[in-house]
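Heads up, coords.txt below (compact mmCIF, C-alpha atoms):
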# COMPACT_ATOMS: atom_id res chain seq x y z
CA MET R 1 0.00 0.00 0.00
CA SER R 2 1.23 3.46 -0.82
CA ASP R 3 -0.10 6.94 -1.50
CA PRO R 4 2.32 9.20 -3.38
CA THR R 5 0.26 12.27 -2.42
CA LEU R 6 0.58 11.59 1.31
CA ARG R 7 3.30 13.52 3.11
CA ILE R 8 4.86 11.30 5.73
CA THR R 9 5.70 13.01 9.01
CA PRO R 10 7.19 11.56 12.20
CA GLU R 11 3.75 11.85 13.81
CA LEU R 12 2.13 9.92 10.96
CA LEU R 13 4.86 7.31 11.24
CA LEU R 14 4.12 6.77 14.93
CA ARG R 15 0.41 6.41 14.19
CA ALA R 16 1.24 3.81 11.55
CA TYR R 17 3.34 1.82 14.02
CA ALA R 18 0.48 1.95 16.51
CA MET R 19 -1.68 0.34 13.81
CA GLY R 20 0.89 -2.36 13.09
CA VAL R 21 2.08 -0.90 9.78
CA PHE R 22 5.63 0.09 8.84
CA PRO R 23 7.24 1.90 5.86
CA MET R 24 9.67 0.59 3.30
CA ALA R 25 11.13 1.98 0.09
CA GLU R 26 11.64 -0.29 -2.90
CA THR R 27 15.29 0.72 -3.30
CA ARG R 28 17.77 3.32 -2.05
CA ASP R 29 16.96 5.57 -5.02
CA SER R 30 13.19 5.01 -5.07
CA ALA R 31 11.06 8.05 -4.21
CA GLU R 32 8.03 5.95 -3.34
CA ILE R 33 7.46 4.51 0.13
CA HIS R 34 5.19 1.50 0.68
CA TRP R 35 3.25 0.70 3.84
CA ILE R 36 3.74 -2.92 4.88
CA ASP R 37 1.31 -5.02 6.95
CA PRO R 38 2.51 -8.66 6.82
CA ARG R 39 0.07 -11.54 7.11
CA ARG R 40 2.60 -13.29 9.36
CA ARG R 41 4.70 -11.31 11.83
CA GLY R 42 8.05 -12.04 13.42
CA VAL R 43 8.29 -11.40 17.16
CA PHE R 44 10.94 -12.09 19.76
CA PRO R 45 9.62 -13.43 23.09
CA LEU R 46 11.81 -11.45 25.47
CA GLU R 47 12.07 -14.40 27.85
CA GLY R 48 13.03 -16.79 25.07
CA PHE R 49 16.32 -15.47 23.70
CA HIS R 50 18.65 -18.41 23.00
CA ILE R 51 22.34 -17.98 23.81
CA SER R 52 24.34 -20.66 22.03
CA ARG R 53 27.66 -21.92 23.35
CA SER R 54 29.54 -19.94 20.72
CA LEU R 55 27.65 -16.74 21.55
CA ALA R 56 28.20 -17.31 25.27
CA ARG R 57 31.91 -17.67 24.55
CA THR R 58 31.90 -14.41 22.59
CA LEU R 59 30.09 -12.61 25.39
CA ARG R 60 32.64 -13.85 27.93
CA GLN R 61 35.57 -12.72 25.81
CA GLY R 62 34.52 -9.07 26.03
CA ARG R 63 35.91 -8.18 22.60
CA PHE R 64 33.29 -5.48 22.01
CA THR R 65 32.15 -2.30 23.70
CA ILE R 66 28.40 -1.57 23.70
CA THR R 67 26.79 1.88 23.72
CA THR R 68 23.30 3.21 23.11
CA ASP R 69 22.24 6.29 21.14
CA ARG R 70 25.84 7.39 20.70
CA ASP R 71 25.88 7.17 16.88
CA PHE R 72 22.32 6.72 15.62
CA SER R 73 23.13 8.09 12.15
CA GLY R 74 26.16 5.80 11.91
CA VAL R 75 24.06 2.73 12.71
CA VAL R 76 21.40 3.62 10.13
CA ALA R 77 24.11 4.30 7.56
CA GLY R 78 25.67 0.92 8.36
CA CYS R 79 22.32 -0.79 7.83
CA ALA R 80 21.90 0.97 4.47
CA ASP R 81 25.44 0.16 3.34
CA ARG R 82 24.62 -2.82 1.13
CA PRO R 83 23.95 -3.34 -2.59
CA GLU R 84 20.19 -3.44 -2.02
CA THR R 85 18.43 -1.53 0.75
CA TRP R 86 14.94 -0.31 1.62
CA ILE R 87 16.40 2.76 3.37
CA ASN R 88 16.10 5.77 1.05
CA ALA R 89 16.83 9.43 1.81
CA GLU R 90 13.32 10.17 3.09
CA ILE R 91 13.28 7.19 5.43
CA LEU R 92 16.70 8.18 6.77
CA LYS R 93 15.41 11.70 7.49
CA LEU R 94 12.22 10.44 9.15
CA TYR R 95 14.05 8.11 11.53
CA GLN R 96 16.55 10.79 12.44
CA GLU R 97 13.58 12.98 13.38
CA LEU R 98 12.08 10.15 15.44
CA HIS R 99 15.44 9.78 17.17
CA ALA R 100 15.45 13.49 18.03
CA MET R 101 11.94 13.04 19.47
CA GLY R 102 13.09 10.12 21.65
CA HIS R 103 11.13 7.48 19.72
CA ALA R 104 14.00 5.87 17.79
CA HIS R 105 17.07 4.38 19.41
CA SER R 106 20.31 2.70 18.41
CA LEU R 107 22.62 0.22 20.07
CA GLU R 108 26.19 0.35 18.83
CA VAL R 109 28.91 -2.31 18.87
CA TRP R 110 32.49 -0.99 18.86
CA GLN R 111 35.84 -2.70 18.46
CA GLU R 112 39.06 -0.76 18.98
CA GLY R 113 37.18 2.50 18.51
CA ALA R 114 35.49 1.51 15.23
CA LEU R 115 31.75 1.00 14.76
CA VAL R 116 31.51 -2.64 13.69
CA GLY R 117 27.84 -3.42 14.22
CA GLY R 118 24.56 -2.20 15.58
CA VAL R 119 20.79 -2.24 15.56
CA TYR R 120 18.13 0.45 15.63
CA GLY R 121 14.40 0.59 16.11
CA VAL R 122 11.35 2.54 17.21
CA THR R 123 9.78 2.58 20.67
CA LEU R 124 6.13 3.22 21.41
CA GLY R 125 4.61 2.38 24.78
CA ALA R 126 6.14 -0.95 25.78
CA ALA R 127 6.69 -2.04 22.17
CA PHE R 128 10.03 -2.05 20.36
CA PHE R 129 9.93 -2.26 16.57
CA GLY R 130 13.27 -3.56 15.30
CA GLU R 131 14.12 -1.87 12.03
CA SER R 132 17.50 -3.09 10.90
CA MET R 133 20.91 -4.23 12.01
CA PHE R 134 24.34 -4.69 10.50
CA SER R 135 27.69 -6.31 11.18
CA ARG R 136 31.13 -5.56 9.80
CA VAL R 137 32.95 -8.26 11.77
CA PRO R 138 31.88 -11.75 12.85
CA ASP R 139 29.46 -11.90 15.80
CA ALA R 140 28.95 -8.12 16.09
CA SER R 141 25.26 -8.25 15.21
CA LYS R 142 24.67 -11.23 17.53
CA VAL R 143 26.24 -9.28 20.35
CA ALA R 144 24.05 -6.29 19.50
CA LEU R 145 20.90 -8.39 19.54
CA ALA R 146 21.78 -10.07 22.84
CA HIS R 147 22.38 -6.73 24.54
CA LEU R 148 19.23 -5.30 22.98
CA VAL R 149 17.04 -8.14 24.26
CA PHE R 150 18.32 -7.77 27.81
CA ARG R 151 17.98 -3.98 27.66
CA LEU R 152 14.36 -4.32 26.57
CA ARG R 153 13.65 -6.78 29.37
CA ALA R 154 15.26 -4.51 31.95
CA GLY R 155 13.28 -1.53 30.68
CA GLY R 156 9.90 -3.24 30.94
CA PHE R 157 9.17 -3.82 27.25
CA ARG R 158 6.53 -6.42 26.42
CA LEU R 159 6.78 -6.70 22.63
CA PHE R 160 9.85 -7.00 20.40
CA ASP R 161 8.59 -6.83 16.81
CA THR R 162 11.09 -8.18 14.27
CA GLN R 163 8.61 -7.61 11.41
CA PHE R 164 9.68 -10.72 9.49
CA LEU R 165 11.10 -14.02 10.69
CA THR R 166 14.45 -15.14 9.29
CA PRO R 167 16.14 -18.50 9.90
CA HIS R 168 18.82 -16.66 11.87
CA LEU R 169 16.30 -15.01 14.19
CA ALA R 170 14.41 -18.28 14.58
CA SER R 171 17.64 -19.94 15.75
CA LEU R 172 17.85 -17.33 18.51
CA GLY R 173 14.26 -17.86 19.68
CA ALA R 174 12.16 -15.58 17.46
CA GLN R 175 8.74 -16.81 16.38
CA GLU R 176 6.17 -16.11 13.68
CA ILE R 177 2.59 -15.30 14.65
CA SER R 178 -0.58 -14.39 12.81
CA ARG R 179 -1.54 -10.81 12.07
CA ALA R 180 -4.45 -11.04 14.52
CA ALA R 181 -2.23 -12.37 17.32
CA TYR R 182 0.33 -9.67 16.62
CA HIS R 183 -2.26 -6.92 16.84
CA ARG R 184 -3.46 -8.26 20.19
CA GLN R 185 0.08 -8.19 21.56
CA LEU R 186 0.68 -4.74 20.08
CA GLN R 187 -2.44 -3.19 21.59
CA ALA R 188 -1.58 -4.65 25.00
CA ALA R 189 1.97 -3.24 24.81
CA LEU R 190 0.75 0.20 23.77
CA GLN R 191 -1.21 0.50 27.02
CA LEU R 192 2.02 0.27 29.03
CA THR R 193 5.19 2.31 29.36
CA ALA R 194 8.82 1.21 29.16
CA GLU R 195 12.29 2.76 29.22
CA PHE R 196 14.97 2.09 26.63
CA ASP R 197 17.58 3.29 29.14
CA PRO R 198 16.70 1.28 32.27
CA PRO R 199 18.50 1.68 35.61
CA GLU R 200 22.06 0.41 35.56
CA GLY R 201 22.32 -3.34 35.93
CA GLN R 202 24.50 -6.22 34.81
CA PRO R 203 25.39 -7.06 31.20
CA PRO R 204 23.92 -10.17 29.53
CA SER R 205 24.89 -13.30 31.38
CA PRO R 206 26.26 -16.10 29.19
CA SER R 207 25.34 -18.65 31.84
CA THR R 208 21.71 -17.74 32.44
CA GLY R 209 20.84 -15.22 29.76
CA ALA R 210 18.75 -13.50 32.40
CA SER R 211 20.59 -10.41 33.56
CA PRO R 212 19.74 -7.00 32.10
CA SER R 213 22.31 -5.01 30.19
CA THR R 214 23.65 -1.81 31.60
CA GLY R 215 22.65 1.64 30.61
CA GLY R 216 25.27 3.65 28.75
CA SER R 217 28.14 1.46 27.63
CA THR R 218 29.37 -1.99 28.54
CA SER R 219 31.86 -4.51 27.34
CA GLY R 220 30.45 -7.67 25.91
CA ALA R 221 29.08 -9.13 22.77
CA ALA R 222 25.72 -10.11 20.75
CA ALA R 223 23.83 -11.38 17.16
CA SER R 224 24.01 -11.21 13.33
CA SER R 225 21.42 -10.01 10.84
CA THR R 226 18.38 -8.49 11.66
CA VAL R 227 15.50 -7.83 12.90
CA GLY R 228 13.43 -8.50 10.11
CA SER R 229 15.67 -9.02 7.27
CA ALA R 230 17.67 -6.55 5.48
CA ARG R 231 15.24 -4.31 6.98
CA SER R 232 16.63 -5.09 10.24
CA GLY R 233 19.94 -4.43 8.92
CA THR R 234 20.00 -7.97 8.66
CA SER R 235 18.73 -8.96 5.31
CA GLN R 236 16.54 -7.62 2.61
CA ARG R 237 12.98 -7.48 3.70
CA ASN R 238 10.54 -10.00 2.46
CA THR R 239 7.50 -8.00 1.47
CA GLN R 240 4.79 -10.55 2.13
CA THR R 241 1.58 -8.55 2.35
CA SER R 242 -2.07 -9.10 1.69
Let's see the structure in the file written out as structure tokens.
Amino acid sequence: MSDPTLRITPELLLRAYAMGVFPMAETRDSAEIHWIDPRRRGVFPLEGFHISRSLARTLRQGRFTITTDRDFSGVVAGCADRPETWINAEILKLYQELHAMGHAHSLEVWQEGALVGGVYGVTLGAAFFGESMFSRVPDASKVALAHLVFRLRAGGFRLFDTQFLTPHLASLGAQEISRAAYHRQLQAALQLTAEFDPPEGQPPSPSTGASPSTGGSTSGAAASSTVGSARSGTSQRNTQTS
């Protein structure tokens, strides 16, 4: 669905998310933005994140430094830095405006001072809508996803919307649900409040996977490809709609 005469504003974008709809451009150079409402939706049960032995080992090694909202533009640019992307100039501008309003956040993964991975998304009530993620070195996106999940849990979020389910996300515990079930979960989450920057706690625990991540920056590690597909910085979005 799309309407070339409709001017998209940050406020309109938030209303669309509240209705379970998200935007996507066909290509980086496309001027047209489509509204996507998948028949089947990917979600991440926040209590069901799976930490494999290899990811636990990476988390213990502490090869990465984690920050939040330190380089939002850099994370979005990293997600768009691929041969095919749904992030065009207008979408980039809109999400930067949402970030300035406090409704879009990024989690960055650094190694020796370089941005090597990250994930960003939109928050509304107690819902987090994962948009995209990227990785420039092995394991950086897994580390990002692990820290994101624990941050969302610590902040009181109830819904982690990955938009589409990929085999990678499924291996980490993500599930696919019907549109009707998704809308029920979304409406319940919108009635609540949550904080993307929860009180300081402990970083993800490789042994239990239960401890919240800290606010600000931590050392640690987390997951690969995204939240959704290239959309999530993880792979190109599958545009299954009705």
### Task
Give the answer as one residue: which of R:Arg41, R:Arg53, R:Arg151, R:His99 has the shortest atom-to-atom distance to R:Glu176, using all atoms listed in the file?
R:Arg41
Distance table requested - stretch 121-158 of chain R against stretch 73-95 of chain R, cut-off 7 Å, only C-alpha atoms: one row per qualifying residue with the closest atom pair and its distance in Å to one decimal, ordered by chain and rising residue number, as JSON lines.
{"residue": "R:Ser132", "atom": "CA", "partner": "R:Cys79", "partner_atom": "CA", "distance": 6.2}
{"residue": "R:Met133", "atom": "CA", "partner": "R:Cys79", "partner_atom": "CA", "distance": 5.6}
{"residue": "R:Phe134", "atom": "CA", "partner": "R:Cys79", "partner_atom": "CA", "distance": 5.1}
### Query
Which residues, written as a ChimeraX atom specification, have at least one atom at most 7 Å from R:Glu195, with all atoms listed in the file counted and residues fewer than 2 positions away on the same chain left out?
/R:155-156,197-198
Can you spit out the residues from that selection as a short mmCIF file (atom, residue, chain, number, x, y, z; two decimals), in the coordinates of the input, using C-alpha atoms?
data_model
loop_
_atom_site.label_atom_id
_atom_site.label_comp_id
_atom_site.auth_asym_id
_atom_site.auth_seq_id
_atom_site.Cartn_x
_atom_site.Cartn_y
_atom_site.Cartn_z
CA GLY R 155 13.28 -1.53 30.68
CA GLY R 156 9.90 -3.24 30.94
CA ASP R 197 17.58 3.29 29.14
CA PRO R 198 16.70 1.28 32.27
#
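A straight line drawn from atom CA of R:Pro10 to atom CA of R:Phe128 is 16.1 Å long.
Counting only C-alpha atoms, the residue from R:Ala140, R:Val116, R:Leu165, R:Leu190 that sits nearest to R:Ser178 is R:Leu165.
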### Close residues, R:Ser52 itself excluded, 10 Å, only C-alpha atoms, min 5 positions apart in chain, as a count of residues only
5
### Query
Restricting the calculation to all atoms listed in the file, which member of R:Leu115, R:Ala170, R:Ala126, R:Ala194 is positioned closest to R:Phe49?
R:Ala170
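Between atom CA of R:Ile51 and atom CA of R:Arg158 the interatomic distance comes to 19.8 Å.
The residue that comes closest to R:Arg184, out of R:His168, R:Tyr120, R:Gly130, R:Leu159 and on the basis of all atoms listed in the file, is R:Leu159.
Taking only C-alpha atoms into account, R:Tyr17 lies nearest to R:Ile36 out of the set R:Ile36, R:Ala146, R:Ala174, R:Leu152.
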### Query
If you count only C-alpha atoms, which residues fall within 9 Å of R:Gly173, apart from same-chain ones fewer than 2 positions away, as a ChimeraX atom specification?
/R:44-46,48-50,169-171,175
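Each of R:Glu108, R:Asp161, R:Glu11, R:Asp71 was checked against R:Arg40 using only C-alpha atoms; the smallest atom-to-atom distance is that of R:Asp161.
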### Query
R:Ser106: which residues within 6 Å, counting all atoms listed in the file, same-chain residues fewer than 3 positions away excluded, as a PyMOL selection string?
chain R and resi 68-69+72+119-120
### Query
Could you name the residues that touch R:Leu124 at 8 Å or less, counting only C-alpha atoms, but leaving out those on the same chain fewer than 5 positions away, as an MDAnalysis selection string?
chainID R and resid 14 18 103 190
So that I have them on file, write out the residues from the current selection with C-alpha atoms, as a compact mmCIF listing (two decimals), keeping the file's coordinate frame.
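The resulting again.txt:
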# COMPACT_ATOMS: atom_id res chain seq x y z
CA LEU R 14 4.12 6.77 14.93
CA ALA R 18 0.48 1.95 16.51
CA HIS R 103 11.13 7.48 19.72
CA LEU R 190 0.75 0.20 23.77
### Message
One number please: atom CA of R:Asp37 to atom CA of R:Arg7, in Å, one decimal.
### Response
19.0 Å
